[in-house]
Amino acid sequence: MKDKVQKEIINSTDRLLRRIPQNPDFIKEDGVLASTCFTKKKGENGVSVDLERLTTHAVSIKDKERYFLYYIEASVSEEQGLENVHDPLPDNYAHSLITGNITRSIAKRLAAAASKIQVD
């Protein structure tokens with residue numbers, strides 16, 4: 001019998017980390033992320049993020065030569081009627097999902113609210 005993994009409550013003051021490929025298609029000329037950075041792909045239950053207080057930036061970014069790391073405040077997605085759910089994976093306890101009806105306009109708002117984190 002598997003041990004049940006303790007799930008965390010995500011507070012509105014928590015920061016959600018999102019790994020973004022270093023690809024010009026994902027970052028507009030003005031530096032704002034493209035809305036596609038916060039859209040669900042087919043078959044996904046939500047937008048994959050890490051709960052910052054359960055990880056480090058270095059672990060979350062995985063490969064700083066290939067990815068940038070951004071964050072949004074959990075309150076931003078909550079204000080859009082979305083839910084932030086802790087969804088730990090076997091190799092990533094901080095893994096979480098932004099779930100709900102993520103329309104293009106909501107994805108644009110999430111992208112506009114995202115701030116880049118400098119990972120050394």
# chains A, B, ... in the order shown; residues from 1 in each chain; ligands from 1

call {"tool": "residues_around", "arguments": {"residues": "Val119 of chain A", "least_positions_apart": "6", "cutoff": "12 Å", "atoms": "only C-alpha atoms", "output": "MDAnalysis selection string"}}
result
chainID A and resid 19 56:65 67:70

call {"tool": "residues_around", "arguments": {"residues": "Ile27 of chain A", "least_positions_apart": "6", "cutoff": "10 Å", "atoms": "only C-alpha atoms", "output": "VMD selection string"}}
result
chain A and resid 20 to 21 33 to 37 111

call {"tool": "closest_residue", "arguments": {"among": "A:Leu17, A:Phe38, A:Ser12, A:Asn45", "to": "Arg104 of chain A", "atoms": "only C-alpha atoms"}}
result
A:Phe38

call {"tool": "select_by_dssp", "arguments": {"residues": "segment 21-111 of chain A", "states": "strand (DSSP E)", "output": "list in words"}}
result
Pro21, Val47, Ser48, Val49, Asp50, Leu51, Tyr67, Phe68, Leu69, Tyr70, Tyr71, Ile72, Glu73, Glu83, Asn84, Val85, His86, His95, Ser96, Leu97, Ile98 and Thr99 of chain A

call {"tool": "write_last_selection", "arguments": {"atoms": "N, CA and C atoms", "output": "short mmCIF file (atom, residue, chain, number, x, y, z; two decimals), in the first residue's frame"}}
result
data_model
loop_
_atom_site.label_atom_id
_atom_site.label_comp_id
_atom_site.auth_asym_id
_atom_site.auth_seq_id
_atom_site.Cartn_x
_atom_site.Cartn_y
_atom_site.Cartn_z
N PRO A 21 10.78 27.98 -21.70
CA PRO A 21 11.90 27.75 -22.60
C PRO A 21 12.50 29.06 -23.12
N VAL A 47 -2.02 24.04 -15.68
CA VAL A 47 -0.71 24.60 -16.01
C VAL A 47 0.25 24.22 -14.90
N SER A 48 1.33 23.57 -15.27
CA SER A 48 2.31 23.05 -14.31
C SER A 48 3.18 24.19 -13.75
N VAL A 49 3.25 24.26 -12.44
CA VAL A 49 4.08 25.24 -11.73
C VAL A 49 4.70 24.55 -10.52
N ASP A 50 5.64 25.23 -9.88
CA ASP A 50 6.20 24.76 -8.61
C ASP A 50 5.84 25.76 -7.53
N LEU A 51 5.51 25.25 -6.36
CA LEU A 51 5.23 26.09 -5.19
C LEU A 51 6.58 26.52 -4.61
N TYR A 67 16.24 27.29 -20.01
CA TYR A 67 14.99 27.84 -19.49
C TYR A 67 15.21 29.15 -18.75
N PHE A 68 14.14 29.95 -18.69
CA PHE A 68 14.04 31.09 -17.78
C PHE A 68 13.07 30.67 -16.68
N LEU A 69 13.13 31.35 -15.54
CA LEU A 69 12.20 31.08 -14.45
C LEU A 69 11.41 32.35 -14.15
N TYR A 70 10.09 32.21 -14.12
CA TYR A 70 9.18 33.31 -13.82
C TYR A 70 8.31 32.92 -12.64
N TYR A 71 7.69 33.91 -12.01
CA TYR A 71 6.73 33.61 -10.96
C TYR A 71 5.51 34.50 -11.10
N ILE A 72 4.40 34.00 -10.58
CA ILE A 72 3.22 34.82 -10.35
C ILE A 72 2.79 34.59 -8.90
N GLU A 73 2.17 35.58 -8.34
CA GLU A 73 1.56 35.43 -7.02
C GLU A 73 0.32 34.54 -7.20
N GLU A 83 -8.02 27.83 -9.73
CA GLU A 83 -7.63 27.19 -8.48
C GLU A 83 -6.17 26.75 -8.57
N ASN A 84 -5.44 26.98 -7.49
CA ASN A 84 -4.05 26.54 -7.39
C ASN A 84 -4.03 25.29 -6.50
N VAL A 85 -3.57 24.18 -7.07
CA VAL A 85 -3.64 22.89 -6.39
C VAL A 85 -2.25 22.28 -6.27
N HIS A 86 -1.86 21.94 -5.05
CA HIS A 86 -0.59 21.23 -4.85
C HIS A 86 -0.77 19.82 -5.40
N HIS A 95 5.64 20.39 -7.07
CA HIS A 95 4.79 20.47 -8.26
C HIS A 95 3.36 20.82 -7.88
N SER A 96 2.81 21.76 -8.63
CA SER A 96 1.44 22.21 -8.43
C SER A 96 0.81 22.49 -9.78
N LEU A 97 -0.50 22.71 -9.77
CA LEU A 97 -1.23 23.00 -11.00
C LEU A 97 -2.11 24.23 -10.81
N ILE A 98 -2.20 25.02 -11.87
CA ILE A 98 -3.21 26.07 -11.95
C ILE A 98 -4.32 25.46 -12.77
N THR A 99 -5.50 25.29 -12.18
CA THR A 99 -6.60 24.60 -12.84
C THR A 99 -7.80 25.52 -13.03
#

call {"tool": "closest_residue", "arguments": {"among": "A:Leu54, A:Ile117, A:Leu82, A:Ala112", "to": "Gly100 of chain A", "atoms": "only C-alpha atoms"}}
result
A:Leu82

call {"tool": "atom_distance", "arguments": {"atom1": "atom CA of Ser105 of chain A", "atom2": "atom CA of Thr55 of chain A"}}
result
29.5 Å

call {"tool": "select_by_dssp", "arguments": {"residues": "chain A", "states": "helix (DSSP H, G or I)", "output": "NGL selection string"}}
result
:A and (24-26 or 35-38 or 52-54 or 57-61 or 74-79 or 104-113)

call {"tool": "write_last_selection", "arguments": {"atoms": "N, CA and C atoms", "output": "short mmCIF file (atom, residue, chain, number, x, y, z; two decimals), in the first residue's frame"}}
result
data_model
loop_
_atom_site.label_atom_id
_atom_site.label_comp_id
_atom_site.auth_asym_id
_atom_site.auth_seq_id
_atom_site.Cartn_x
_atom_site.Cartn_y
_atom_site.Cartn_z
N PRO A 24 12.28 32.59 -28.48
CA PRO A 24 11.63 33.87 -28.77
C PRO A 24 10.12 33.76 -28.96
N ASP A 25 9.62 32.58 -29.28
CA ASP A 25 8.18 32.41 -29.44
C ASP A 25 7.42 32.61 -28.13
N PHE A 26 8.10 32.49 -27.01
CA PHE A 26 7.44 32.56 -25.71
C PHE A 26 7.56 33.92 -25.03
N SER A 35 0.96 34.55 -24.12
CA SER A 35 -0.12 33.88 -23.39
C SER A 35 0.03 32.36 -23.43
N THR A 36 0.71 31.84 -24.46
CA THR A 36 0.89 30.39 -24.56
C THR A 36 1.68 29.82 -23.38
N CYS A 37 2.39 30.67 -22.66
CA CYS A 37 3.13 30.21 -21.48
C CYS A 37 2.21 29.80 -20.34
N PHE A 38 0.95 30.21 -20.40
CA PHE A 38 0.00 29.87 -19.35
C PHE A 38 -1.26 29.21 -19.90
N GLU A 52 6.87 27.81 -4.70
CA GLU A 52 8.21 28.31 -4.39
C GLU A 52 8.71 27.90 -3.01
N ARG A 53 7.86 27.93 -2.01
CA ARG A 53 8.33 27.66 -0.65
C ARG A 53 8.73 26.20 -0.42
N LEU A 54 8.48 25.34 -1.41
CA LEU A 54 8.83 23.93 -1.28
C LEU A 54 10.03 23.52 -2.13
N HIS A 57 15.06 27.89 -6.52
CA HIS A 57 15.02 28.34 -7.91
C HIS A 57 15.88 27.45 -8.79
N ALA A 58 17.04 27.04 -8.31
CA ALA A 58 17.94 26.20 -9.10
C ALA A 58 17.29 24.85 -9.43
N VAL A 59 16.58 24.27 -8.48
CA VAL A 59 15.91 22.99 -8.72
C VAL A 59 14.74 23.19 -9.68
N SER A 60 13.99 24.25 -9.49
CA SER A 60 12.80 24.48 -10.31
C SER A 60 13.13 24.75 -11.77
N ILE A 61 14.20 25.50 -12.02
CA ILE A 61 14.56 25.83 -13.41
C ILE A 61 15.16 24.63 -14.15
N ALA A 74 0.09 33.65 -6.26
CA ALA A 74 -1.08 32.77 -6.35
C ALA A 74 -2.38 33.57 -6.41
N SER A 75 -2.39 34.74 -5.80
CA SER A 75 -3.60 35.58 -5.82
C SER A 75 -3.99 35.98 -7.24
N VAL A 76 -3.02 36.09 -8.13
CA VAL A 76 -3.31 36.50 -9.51
C VAL A 76 -4.20 35.48 -10.20
N SER A 77 -3.86 34.22 -10.08
CA SER A 77 -4.70 33.19 -10.71
C SER A 77 -6.04 33.05 -9.98
N GLU A 78 -6.02 33.20 -8.66
CA GLU A 78 -7.27 33.13 -7.90
C GLU A 78 -8.24 34.22 -8.34
N GLU A 79 -7.71 35.42 -8.59
CA GLU A 79 -8.55 36.55 -9.03
C GLU A 79 -9.18 36.29 -10.39
N ARG A 104 -7.94 32.28 -23.36
CA ARG A 104 -6.81 33.04 -23.90
C ARG A 104 -6.65 34.37 -23.15
N SER A 105 -7.76 35.05 -22.86
CA SER A 105 -7.66 36.34 -22.17
C SER A 105 -7.12 36.16 -20.74
N ILE A 106 -7.50 35.08 -20.07
CA ILE A 106 -6.97 34.81 -18.73
C ILE A 106 -5.48 34.46 -18.82
N ALA A 107 -5.11 33.66 -19.82
CA ALA A 107 -3.70 33.31 -20.01
C ALA A 107 -2.87 34.57 -20.26
N LYS A 108 -3.42 35.53 -21.00
CA LYS A 108 -2.72 36.80 -21.25
C LYS A 108 -2.51 37.55 -19.94
N ARG A 109 -3.53 37.57 -19.07
CA ARG A 109 -3.41 38.27 -17.78
C ARG A 109 -2.37 37.61 -16.89
N LEU A 110 -2.35 36.28 -16.87
CA LEU A 110 -1.34 35.57 -16.09
C LEU A 110 0.05 35.88 -16.61
N ALA A 111 0.22 35.84 -17.94
CA ALA A 111 1.51 36.12 -18.55
C ALA A 111 1.97 37.55 -18.24
N ALA A 112 1.05 38.50 -18.30
CA ALA A 112 1.39 39.90 -18.03
C ALA A 112 1.80 40.10 -16.58
N ALA A 113 1.28 39.29 -15.69
CA ALA A 113 1.58 39.42 -14.26
C ALA A 113 2.87 38.71 -13.85
#

call {"tool": "closest_residue", "arguments": {"among": "A:Leu89, A:Lys28, A:Asn23, A:Gln80", "to": "Lys4 of chain A", "atoms": "only C-alpha atoms"}}
result
A:Leu89

call {"tool": "closest_residue", "arguments": {"among": "A:Asp120, A:Ser115, A:Pro88, A:Thr103", "to": "Gln6 of chain A", "atoms": "only C-alpha atoms"}}
result
A:Pro88
